[in-house]
Number of protein chains: 2
Amino acid sequence: MTGSGFAPVERAPLSLLVSRQLREAIVSGDLALGTPLPTEKELTEQFAVSRTTIREALRILQAEGLLSGGDTVSTKRPTVSSEHTVSSAARALESVLRLGEVPLPDLIDLRLLLEGAALEDAAAHPDPEALADAREALAVMSVPGIDVDAFHAADVSFHIALVGAAGNRAHHLVLGVLRDALAGHLLAALSEMEHPEPVLARLIDEHTAILAAVEDGDGASARDLVCAHVRGFYAAHAGTMPS
Amino acid sequence: MTGSGFAPVERAPLSLLVSRQLREAIVSGDLALGTPLPTEKELTEQFAVSRTTIREALRILQAEGLLSGGDTVSTKRPTVSSEHTVSSAARALESVLRLGEVPLPDLIDLRLLLEGAALEDAAAHPDPEALADAREALAVMSVPGIDVDAFHAADVSFHIALVGAAGNRAHHLVLGVLRDALAGHLLAALSEMEHPEPVLARLIDEHTAILAAVEDGDGASARDLVCAHVRGFYAAHAGTMPS
DNA sequence: AGCCTATTCTTGTCAGACAAACAGTCAAGG
DNA sequence: CCTTGACTGTTTGTCTGACAAGAATAGGCT
């Protein structure tokens, strides 16, 4: 195939090589979760590089969520952790979407696709606890005179509870990112209204209907309702939205 | 709620503060894509911290895929980039997967949901160019004696071509991340087979059927076929997969 | 103009240093 | 006995200065 068979010599910064070795040790389970890493001094000896290099490698792994710490100054060594990997993946996905020049309708379509599927799941395998959470959030939304910020927070809780009921972690992860990406638009639209009350009332009604459909095990209806719910809101207030 | 009302004093490493400012400047578009960052020396002056701190902040951002470079030694300054966010997100998702925070079936379900929807779109609004790309990839896969790496690359091209035809940026980006995150598993499963040829032949047949369904404008069939295609593969070879 | 060379610039890496925080010990005092 | 304070060693966070290697640039020469 190739004439020479030679390939460019690969040269990578030492910090990258160190981080690769450590990452492999972590995800392969070689370094157990919860165990603290060796001290930086020990790592300099094991890898035979300077502390500068070790520290840069640790920053890389902390950015990926594979190591605890890094968000606060502490003399404790970082520990191998899986706690932050999910949020780290979510942040990475968020960057992809924010930098990917995604039109708002595309984001909304994706959200509806995921949330519709999640609601069908939730209706098929209802989780009483999650449904209780959703009812709770609905109650918060119905408090008279609630301000739009609190309303929106409860709105988010409502959707999170229902999607959490479906139990697909991947759906949950991506939907969380989508919600964050859309939250800014939503809040801006609500905040700019002079008389948000009737809109909020309609949203509450729609939420109630969605929850009822899920509780009845009617996944198809829940899906249609949430589509109408979200699409209706964005269609009605598209003018007040940026981009 | 709390008795004292006191909260722990918040202390963050300088490298984190620097990386936060830079990240915000990047994702907000304040630093345009493609523009090179100031030199490390200039950054030390602007942030009034040492080069050590600047460098750790840069490693964090490179790990998140927001800055180019970092993977090879070079004297070029890193540039603001969105090219690497997808692969970075995929790596994060892969870590999440390997650490068991998200089960493999959940990711596969998500992929099928997205890809099925994309195929329905593609069938409804066929794009001749994308279909030609898909046919091309299919032809590559059918070359006798192809090795699994090349086969997998063509496989990826096939799915990308079909999904790209749908034209939803968000679907496209998220699916790209999912594919990259799952690619490791797939390749490992294929590489471990002693006699992959019959499996590859079956995959080619399934791809052919999917493409035919899309070309006929039969989105529902395409969706069902791709679901069976992916699910069948993972079900048959789940034993050879890690985790 | 085109080419070659010297200089400068930038990144990657290292060594050494210091401050702050934390854990542990230990003595003094209630 | 328990609390307080002082002391010590360890670890991380940060800074400074230095050097090598590659890349860019300026300048001179043909």
# chains A, B, ... in the order shown; residues from 1 in each chain; ligands from 1

call {"tool": "closest_atom_pairs", "arguments": {"of": "chain B", "to": "chain C", "cutoff": "10 Å", "atoms": "only C-alpha atoms (C1' of nucleotides)", "output": "JSON lines"}}
result
{"residue": "B:Thr39", "atom": "CA", "partner": "C:DT10", "partner_atom": "C1'", "distance": 7.5}
{"residue": "B:Glu40", "atom": "CA", "partner": "C:DT10", "partner_atom": "C1'", "distance": 8.3}
{"residue": "B:Lys41", "atom": "CA", "partner": "C:DT10", "partner_atom": "C1'", "distance": 9.0}
{"residue": "B:Val73", "atom": "CA", "partner": "C:DG12", "partner_atom": "C1'", "distance": 7.5}
{"residue": "B:Ser74", "atom": "CA", "partner": "C:DT11", "partner_atom": "C1'", "distance": 6.6}
{"residue": "B:Thr75", "atom": "CA", "partner": "C:DT11", "partner_atom": "C1'", "distance": 4.7}
{"residue": "B:Lys76", "atom": "CA", "partner": "C:DT10", "partner_atom": "C1'", "distance": 7.2}
{"residue": "B:Arg77", "atom": "CA", "partner": "C:DT10", "partner_atom": "C1'", "distance": 7.7}

call {"tool": "write_last_selection", "arguments": {"atoms": "N, CA and C atoms", "output": "PDB file, in the first residue's frame"}}
result
ATOM      1  N   THR B  39       0.278  34.527  23.859  1.00  0.00           N
ATOM      2  CA  THR B  39       1.364  33.657  24.324  1.00  0.00           C
ATOM      3  C   THR B  39       1.290  33.515  25.847  1.00  0.00           C
ATOM      4  N   GLU B  40       1.932  32.471  26.334  1.00  0.00           N
ATOM      5  CA  GLU B  40       1.879  32.227  27.773  1.00  0.00           C
ATOM      6  C   GLU B  40       2.405  33.427  28.548  1.00  0.00           C
ATOM      7  N   LYS B  41       3.415  34.059  27.993  1.00  0.00           N
ATOM      8  CA  LYS B  41       3.986  35.220  28.676  1.00  0.00           C
ATOM      9  C   LYS B  41       2.958  36.339  28.775  1.00  0.00           C
ATOM     10  N   VAL B  73       3.967  17.853  20.539  1.00  0.00           N
ATOM     11  CA  VAL B  73       4.858  18.913  20.985  1.00  0.00           C
ATOM     12  C   VAL B  73       5.046  19.893  19.841  1.00  0.00           C
ATOM     13  N   SER B  74       4.857  21.147  20.139  1.00  0.00           N
ATOM     14  CA  SER B  74       4.953  22.158  19.098  1.00  0.00           C
ATOM     15  C   SER B  74       5.166  23.519  19.735  1.00  0.00           C
ATOM     16  N   THR B  75       5.768  24.383  18.986  1.00  0.00           N
ATOM     17  CA  THR B  75       5.978  25.726  19.514  1.00  0.00           C
ATOM     18  C   THR B  75       4.852  26.662  19.109  1.00  0.00           C
ATOM     19  N   LYS B  76       3.846  26.093  18.435  1.00  0.00           N
ATOM     20  CA  LYS B  76       2.717  26.943  18.036  1.00  0.00           C
ATOM     21  C   LYS B  76       1.804  27.177  19.217  1.00  0.00           C
ATOM     22  N   ARG B  77       1.270  28.341  19.291  1.00  0.00           N
ATOM     23  CA  ARG B  77       0.328  28.585  20.373  1.00  0.00           C
ATOM     24  C   ARG B  77      -0.971  27.836  20.081  1.00  0.00           C
TER      25      ARG B  77
END

call {"tool": "interface_residues", "arguments": {"of": "chain D", "to": "chain B", "cutoff": "8 Å", "atoms": "only C-alpha atoms (C1' of nucleotides)", "output": "list in words"}}
result
DG13, DT14, DC15, DG22 and DA23 of chain D

call {"tool": "write_last_selection", "arguments": {"atoms": "C-alpha atoms (C1' of nucleotides)", "output": "compact mmCIF listing (two decimals), in the first residue's frame"}}
result
# COMPACT_ATOMS: atom_id res chain seq x y z
C1' DG D 13 -0.25 25.61 45.32
C1' DT D 14 2.57 28.97 43.44
C1' DC D 15 6.57 31.48 41.94
C1' DG D 22 11.81 23.90 17.05
C1' DA D 23 9.69 27.80 14.40

call {"tool": "interface_residues", "arguments": {"of": "chain A", "to": "chain B", "cutoff": "6 Å", "atoms": "only C-alpha atoms", "output": "list in words"}}
result
Arg11, Ala12, Pro13, Glu56, Arg59, Ile60, Ala63, Asp71, Thr72, Val73, Thr85, Ala89, Ala92, Leu93, Val96, Val102, Asp106, Leu107, Asn168, Arg169 and Ala170 of chain A

call {"tool": "write_last_selection", "arguments": {"atoms": "N, CA and C atoms", "output": "PDB file, in the first residue's frame"}}
result
ATOM      1  N   ARG A  11       5.530  12.393  18.633  1.00  0.00           N
ATOM      2  CA  ARG A  11       6.085  13.120  19.766  1.00  0.00           C
ATOM      3  C   ARG A  11       4.956  13.773  20.525  1.00  0.00           C
ATOM      4  N   ALA A  12       4.813  13.408  21.742  1.00  0.00           N
ATOM      5  CA  ALA A  12       3.755  13.982  22.568  1.00  0.00           C
ATOM      6  C   ALA A  12       4.397  14.591  23.808  1.00  0.00           C
ATOM      7  N   PRO A  13       3.781  15.634  24.337  1.00  0.00           N
ATOM      8  CA  PRO A  13       4.289  16.196  25.585  1.00  0.00           C
ATOM      9  C   PRO A  13       4.277  15.143  26.680  1.00  0.00           C
ATOM     10  N   GLU A  56       0.695  18.963  35.558  1.00  0.00           N
ATOM     11  CA  GLU A  56      -0.106  19.200  34.353  1.00  0.00           C
ATOM     12  C   GLU A  56      -0.921  17.957  34.005  1.00  0.00           C
ATOM     13  N   ARG A  59      -3.913  17.836  36.249  1.00  0.00           N
ATOM     14  CA  ARG A  59      -4.957  18.786  35.861  1.00  0.00           C
ATOM     15  C   ARG A  59      -5.790  18.213  34.728  1.00  0.00           C
ATOM     16  N   ILE A  60      -5.140  17.539  33.789  1.00  0.00           N
ATOM     17  CA  ILE A  60      -5.868  16.935  32.671  1.00  0.00           C
ATOM     18  C   ILE A  60      -6.874  15.916  33.201  1.00  0.00           C
ATOM     19  N   ALA A  63      -9.738  17.470  34.953  1.00  0.00           N
ATOM     20  CA  ALA A  63     -10.695  18.068  34.017  1.00  0.00           C
ATOM     21  C   ALA A  63     -11.611  17.001  33.436  1.00  0.00           C
ATOM     22  N   ASP A  71     -11.005  21.452  42.453  1.00  0.00           N
ATOM     23  CA  ASP A  71     -11.922  22.578  42.504  1.00  0.00           C
ATOM     24  C   ASP A  71     -11.738  23.392  43.773  1.00  0.00           C
ATOM     25  N   THR A  72     -10.951  22.881  44.692  1.00  0.00           N
ATOM     26  CA  THR A  72     -10.703  23.618  45.912  1.00  0.00           C
ATOM     27  C   THR A  72      -9.264  23.377  46.337  1.00  0.00           C
ATOM     28  N   VAL A  73      -8.686  24.340  46.968  1.00  0.00           N
ATOM     29  CA  VAL A  73      -7.310  24.193  47.403  1.00  0.00           C
ATOM     30  C   VAL A  73      -7.272  23.310  48.643  1.00  0.00           C
ATOM     31  N   THR A  85     -17.139  12.088  36.805  1.00  0.00           N
ATOM     32  CA  THR A  85     -17.040  11.797  35.380  1.00  0.00           C
ATOM     33  C   THR A  85     -18.317  12.177  34.649  1.00  0.00           C
ATOM     34  N   ALA A  89     -18.524  14.748  31.697  1.00  0.00           N
ATOM     35  CA  ALA A  89     -19.016  14.405  30.363  1.00  0.00           C
ATOM     36  C   ALA A  89     -20.127  15.363  29.954  1.00  0.00           C
ATOM     37  N   ALA A  92     -18.613  18.515  28.809  1.00  0.00           N
ATOM     38  CA  ALA A  92     -18.014  18.360  27.484  1.00  0.00           C
ATOM     39  C   ALA A  92     -19.095  18.404  26.412  1.00  0.00           C
ATOM     40  N   LEU A  93     -20.191  17.711  26.688  1.00  0.00           N
ATOM     41  CA  LEU A  93     -21.288  17.711  25.716  1.00  0.00           C
ATOM     42  C   LEU A  93     -21.859  19.116  25.556  1.00  0.00           C
ATOM     43  N   VAL A  96     -19.768  20.985  23.223  1.00  0.00           N
ATOM     44  CA  VAL A  96     -20.013  20.561  21.843  1.00  0.00           C
ATOM     45  C   VAL A  96     -21.225  21.293  21.277  1.00  0.00           C
ATOM     46  N   VAL A 102     -25.595  25.104  16.837  1.00  0.00           N
ATOM     47  CA  VAL A 102     -26.843  24.361  16.735  1.00  0.00           C
ATOM     48  C   VAL A 102     -28.003  25.342  16.764  1.00  0.00           C
ATOM     49  N   ASP A 106     -33.338  22.823  16.387  1.00  0.00           N
ATOM     50  CA  ASP A 106     -32.696  21.514  16.439  1.00  0.00           C
ATOM     51  C   ASP A 106     -32.576  21.036  17.875  1.00  0.00           C
ATOM     52  N   LEU A 107     -32.188  21.954  18.753  1.00  0.00           N
ATOM     53  CA  LEU A 107     -32.086  21.587  20.165  1.00  0.00           C
ATOM     54  C   LEU A 107     -33.441  21.141  20.694  1.00  0.00           C
ATOM     55  N   ASN A 168     -33.103   5.510  32.309  1.00  0.00           N
ATOM     56  CA  ASN A 168     -31.985   5.409  31.368  1.00  0.00           C
ATOM     57  C   ASN A 168     -31.000   6.533  31.670  1.00  0.00           C
ATOM     58  N   ARG A 169     -29.833   6.140  32.155  1.00  0.00           N
ATOM     59  CA  ARG A 169     -28.872   7.151  32.599  1.00  0.00           C
ATOM     60  C   ARG A 169     -28.373   7.999  31.445  1.00  0.00           C
ATOM     61  N   ALA A 170     -28.262   7.386  30.283  1.00  0.00           N
ATOM     62  CA  ALA A 170     -27.760   8.147  29.136  1.00  0.00           C
ATOM     63  C   ALA A 170     -28.777   9.218  28.733  1.00  0.00           C
TER      64      ALA A 170
END

call {"tool": "calpha_fit_and_write", "arguments": {"fixed": "chain B", "moving": "chain A", "output": "CSV table (one decimal) with C-alpha atoms, in the first residue's frame"}}
result
chain,number,residue,atom,x,y,z
A,1,MET,CA,-33.9,30.4,56.8
A,2,THR,CA,-30.3,30.1,58.1
A,3,GLY,CA,-29.3,31.2,61.5
A,4,SER,CA,-26.1,33.0,60.8
A,5,GLY,CA,-26.2,34.1,57.2
A,6,PHE,CA,-22.5,33.3,57.0
A,7,ALA,CA,-21.1,31.1,54.3
A,8,PRO,CA,-17.8,29.4,54.1
A,9,VAL,CA,-15.2,31.6,52.4
A,10,GLU,CA,-14.5,30.3,49.0
A,11,ARG,CA,-11.0,29.5,48.3
A,12,ALA,CA,-10.0,28.3,44.9
A,13,PRO,CA,-6.5,27.8,43.3
A,14,LEU,CA,-5.4,30.8,41.3
A,15,SER,CA,-5.1,28.6,38.2
A,16,LEU,CA,-8.8,27.9,38.4
A,17,LEU,CA,-9.7,31.6,38.8
A,18,VAL,CA,-7.6,32.5,35.9
A,19,SER,CA,-9.0,29.7,33.7
A,20,ARG,CA,-12.6,30.8,34.7
A,21,GLN,CA,-11.9,34.4,33.6
A,22,LEU,CA,-10.4,33.3,30.3
A,23,ARG,CA,-13.2,30.7,29.6
A,24,GLU,CA,-15.9,33.3,30.2
A,25,ALA,CA,-14.1,35.7,27.9
A,26,ILE,CA,-13.9,33.0,25.2
A,27,VAL,CA,-17.4,31.6,25.3
A,28,SER,CA,-18.9,35.1,25.6
A,29,GLY,CA,-17.2,36.0,22.4
A,30,ASP,CA,-15.1,38.7,24.2
A,31,LEU,CA,-12.1,36.9,22.8
A,32,ALA,CA,-12.8,36.3,19.2
A,33,LEU,CA,-12.3,32.9,17.7
A,34,GLY,CA,-9.0,32.6,15.9
A,35,THR,CA,-7.3,35.3,17.8
A,36,PRO,CA,-4.1,34.3,19.5
A,37,LEU,CA,-3.9,34.7,23.2
A,38,PRO,CA,-1.5,37.2,24.7
A,39,THR,CA,1.9,35.7,25.5
A,40,GLU,CA,2.4,34.0,28.9
A,41,LYS,CA,4.5,36.9,30.0
A,42,GLU,CA,1.7,39.3,29.2
A,43,LEU,CA,-0.8,37.2,31.0
A,44,THR,CA,1.4,37.1,34.1
A,45,GLU,CA,1.3,40.9,34.1
A,46,GLN,CA,-2.5,41.2,33.4
A,47,PHE,CA,-3.5,38.6,36.0
A,48,ALA,CA,-0.6,39.4,38.4
A,49,VAL,CA,0.3,35.8,39.0
A,50,SER,CA,3.3,33.7,38.1
A,51,ARG,CA,3.9,32.0,34.9
A,52,THR,CA,3.4,28.6,36.6
A,53,THR,CA,-0.2,29.6,37.4
A,54,ILE,CA,-0.9,30.9,33.9
A,55,ARG,CA,0.4,27.7,32.4
A,56,GLU,CA,-1.8,25.5,34.6
A,57,ALA,CA,-4.8,27.6,33.6
A,58,LEU,CA,-3.9,27.3,29.9
A,59,ARG,CA,-3.7,23.5,30.3
A,60,ILE,CA,-7.2,23.5,31.7
A,61,LEU,CA,-8.6,25.4,28.8
A,62,GLN,CA,-6.8,23.3,26.3
A,63,ALA,CA,-8.2,20.2,27.9
A,64,GLU,CA,-11.6,21.7,27.4
A,65,GLY,CA,-10.9,22.3,23.8
A,66,LEU,CA,-11.2,26.1,24.0
A,67,LEU,CA,-7.7,26.8,23.1
A,68,SER,CA,-5.8,25.3,20.2
A,69,GLY,CA,-2.5,23.6,20.6
A,70,GLY,CA,-1.2,21.7,23.6
A,71,ASP,CA,-1.0,18.5,21.6
A,72,THR,CA,2.3,19.4,20.0
A,73,VAL,CA,5.3,21.3,21.1
A,74,SER,CA,5.4,24.7,19.5
A,75,THR,CA,6.5,28.2,20.1
A,76,LYS,CA,3.3,29.6,18.7
A,77,ARG,CA,0.8,31.0,21.1
A,78,PRO,CA,-2.4,29.1,21.5
A,79,THR,CA,-5.4,30.6,19.7
A,80,VAL,CA,-9.0,30.8,20.8
A,81,SER,CA,-10.6,27.9,19.0
A,82,SER,CA,-13.9,26.1,18.7
A,83,GLU,CA,-12.4,23.3,16.6
A,84,HIS,CA,-11.6,21.1,19.4
A,85,THR,CA,-14.5,21.7,21.7
A,86,VAL,CA,-16.7,19.1,20.0
A,87,SER,CA,-14.0,16.4,20.3
A,88,SER,CA,-13.3,17.5,23.8
A,89,ALA,CA,-16.9,17.1,24.7
A,90,ALA,CA,-17.0,13.7,23.1
A,91,ARG,CA,-14.0,12.6,25.1
A,92,ALA,CA,-15.7,13.9,28.3
A,93,LEU,CA,-18.8,12.0,27.4
A,94,GLU,CA,-16.8,8.9,26.7
A,95,SER,CA,-15.3,9.1,30.2
A,96,VAL,CA,-18.7,9.4,31.7
A,97,LEU,CA,-19.8,6.2,29.9
A,98,ARG,CA,-16.7,4.3,30.6
A,99,LEU,CA,-16.6,5.1,34.3
A,100,GLY,CA,-20.3,5.0,34.7
A,101,GLU,CA,-20.5,1.2,34.8
A,102,VAL,CA,-22.9,1.1,31.9
A,103,PRO,CA,-24.0,-2.4,31.0
A,104,LEU,CA,-23.6,-3.3,27.4
A,105,PRO,CA,-27.3,-3.7,26.7
A,106,ASP,CA,-27.9,-0.2,27.9
A,107,LEU,CA,-25.3,1.2,25.5
A,108,ILE,CA,-26.9,-0.8,22.7
A,109,ASP,CA,-30.4,0.4,23.6
A,110,LEU,CA,-29.2,4.0,23.6
A,111,ARG,CA,-27.5,3.6,20.3
A,112,LEU,CA,-30.6,2.1,18.7
A,113,LEU,CA,-32.8,4.8,20.0
A,114,LEU,CA,-30.6,7.5,18.6
A,115,GLU,CA,-29.8,5.8,15.3
A,116,GLY,CA,-33.4,4.9,14.7
A,117,ALA,CA,-34.4,8.5,15.2
A,118,ALA,CA,-31.6,9.7,13.0
A,119,LEU,CA,-32.6,7.3,10.2
A,120,GLU,CA,-36.2,8.5,10.4
A,121,ASP,CA,-34.9,12.0,10.0
A,122,ALA,CA,-32.6,11.0,7.1
A,123,ALA,CA,-35.5,9.2,5.3
A,124,ALA,CA,-37.7,12.3,5.8
A,125,HIS,CA,-35.1,14.7,4.5
A,126,PRO,CA,-32.7,12.7,2.3
A,127,ASP,CA,-29.3,14.2,1.6
A,128,PRO,CA,-28.0,12.9,-1.7
A,129,GLU,CA,-24.4,13.5,-0.8
A,130,ALA,CA,-24.7,11.5,2.5
A,131,LEU,CA,-26.5,8.7,0.7
A,132,ALA,CA,-23.7,8.6,-1.8
A,133,ASP,CA,-21.2,8.2,1.0
A,134,ALA,CA,-23.2,5.4,2.5
A,135,ARG,CA,-23.4,3.6,-0.9
A,136,GLU,CA,-19.6,4.1,-1.2
A,137,ALA,CA,-19.0,2.5,2.2
A,138,LEU,CA,-21.4,-0.3,1.3
A,139,ALA,CA,-19.3,-1.0,-1.8
A,140,VAL,CA,-16.2,-1.2,0.2
A,141,MET,CA,-17.8,-3.7,2.5
A,142,SER,CA,-18.7,-5.8,-0.4
A,143,VAL,CA,-15.2,-6.3,-1.7
A,144,PRO,CA,-14.5,-10.0,-1.6
A,145,GLY,CA,-12.0,-11.2,0.9
A,146,ILE,CA,-12.0,-8.0,2.9
A,147,ASP,CA,-10.5,-8.4,6.3
A,148,VAL,CA,-12.6,-7.7,9.4
A,149,ASP,CA,-10.7,-4.5,10.3
A,150,ALA,CA,-11.4,-2.9,7.0
A,151,PHE,CA,-14.9,-4.2,7.0
A,152,HIS,CA,-15.5,-2.7,10.4
A,153,ALA,CA,-14.1,0.7,9.3
A,154,ALA,CA,-16.4,0.7,6.3
A,155,ASP,CA,-19.3,-0.3,8.6
A,156,VAL,CA,-18.6,2.7,10.8
A,157,SER,CA,-18.4,5.0,7.8
A,158,PHE,CA,-21.8,3.6,6.6
A,159,HIS,CA,-23.5,4.4,9.9
A,160,ILE,CA,-21.8,7.8,10.2
A,161,ALA,CA,-22.9,8.8,6.7
A,162,LEU,CA,-26.5,7.9,7.4
A,163,VAL,CA,-26.6,9.6,10.7
A,164,GLY,CA,-24.8,12.6,9.3
A,165,ALA,CA,-27.6,12.9,6.7
A,166,ALA,CA,-30.1,13.5,9.5
A,167,GLY,CA,-28.2,16.7,10.3
A,168,ASN,CA,-28.6,16.8,14.1
A,169,ARG,CA,-25.2,17.6,15.4
A,170,ALA,CA,-26.1,16.5,18.9
A,171,HIS,CA,-27.2,13.1,17.7
A,172,HIS,CA,-24.1,12.9,15.7
A,173,LEU,CA,-21.8,13.8,18.6
A,174,VAL,CA,-23.4,11.3,21.0
A,175,LEU,CA,-23.6,8.5,18.4
A,176,GLY,CA,-20.0,9.0,17.7
A,177,VAL,CA,-19.1,8.3,21.3
A,178,LEU,CA,-21.4,5.3,21.5
A,179,ARG,CA,-19.9,3.8,18.4
A,180,ASP,CA,-16.4,4.2,19.8
A,181,ALA,CA,-17.6,2.6,23.0
A,182,LEU,CA,-19.1,-0.3,21.2
A,183,ALA,CA,-16.4,-0.6,18.5
A,184,GLY,CA,-14.1,-2.6,20.7
A,185,HIS,CA,-16.8,-5.2,21.5
A,186,LEU,CA,-17.8,-5.4,17.9
A,187,LEU,CA,-14.3,-5.9,16.5
A,188,ALA,CA,-13.4,-8.4,19.2
A,189,ALA,CA,-16.5,-10.4,18.3
A,190,LEU,CA,-15.7,-10.3,14.5
A,191,SER,CA,-12.1,-11.1,15.0
A,192,GLU,CA,-12.7,-14.2,17.1
A,193,MET,CA,-14.8,-15.8,14.4
A,194,GLU,CA,-13.2,-18.6,12.5
A,195,HIS,CA,-15.4,-18.1,9.5
A,196,PRO,CA,-16.6,-14.5,9.4
A,197,GLU,CA,-17.6,-14.5,5.8
A,198,PRO,CA,-21.2,-15.6,6.1
A,199,VAL,CA,-21.7,-13.2,9.0
A,200,LEU,CA,-20.3,-10.4,6.9
A,201,ALA,CA,-22.5,-11.3,4.0
A,202,ARG,CA,-25.5,-11.1,6.2
A,203,LEU,CA,-24.5,-7.8,7.6
A,204,ILE,CA,-24.0,-6.4,4.1
A,205,ASP,CA,-27.5,-7.6,3.1
A,206,GLU,CA,-28.9,-5.8,6.1
A,207,HIS,CA,-27.0,-2.7,5.4
A,208,THR,CA,-28.3,-2.7,1.9
A,209,ALA,CA,-31.9,-3.1,3.1
A,210,ILE,CA,-31.4,-0.2,5.5
A,211,LEU,CA,-30.0,2.1,2.9
A,212,ALA,CA,-32.8,1.1,0.5
A,213,ALA,CA,-35.5,2.0,3.1
A,214,VAL,CA,-33.9,5.4,3.7
A,215,GLU,CA,-33.7,6.1,0.0
A,216,ASP,CA,-37.4,5.1,-0.3
A,217,GLY,CA,-38.2,7.6,2.4
A,218,ASP,CA,-39.5,4.8,4.6
A,219,GLY,CA,-38.2,5.9,8.0
A,220,ALA,CA,-40.1,3.4,10.1
A,221,SER,CA,-38.8,0.5,8.1
A,222,ALA,CA,-35.2,1.8,8.3
A,223,ARG,CA,-35.6,2.1,12.1
A,224,ASP,CA,-36.9,-1.4,12.4
A,225,LEU,CA,-34.3,-2.8,10.2
A,226,VAL,CA,-31.4,-1.2,12.0
A,227,CYS,CA,-32.8,-2.3,15.3
A,228,ALA,CA,-33.0,-5.9,14.0
A,229,HIS,CA,-29.6,-5.5,12.5
A,230,VAL,CA,-27.8,-4.4,15.6
A,231,ARG,CA,-29.8,-6.4,18.1
A,232,GLY,CA,-29.5,-9.5,16.0
A,233,PHE,CA,-25.8,-9.3,15.8
A,234,TYR,CA,-25.3,-8.8,19.5
A,235,ALA,CA,-27.8,-11.5,20.4
A,236,ALA,CA,-26.1,-14.0,18.1
A,237,HIS,CA,-22.6,-13.2,19.4
A,238,ALA,CA,-23.3,-12.2,23.0
A,239,GLY,CA,-21.3,-15.2,24.1
A,240,THR,CA,-18.1,-14.0,22.6
A,241,MET,CA,-18.4,-10.6,24.2
A,242,PRO,CA,-16.7,-9.4,27.3
A,243,SER,CA,-18.6,-8.1,30.3

call {"tool": "select_by_dssp", "arguments": {"residues": "segment 56-114 of chain A", "states": "helix (DSSP H, G or I)", "output": "NGL selection string"}}
result
:A and (56-63 or 85-99 or 104-114)
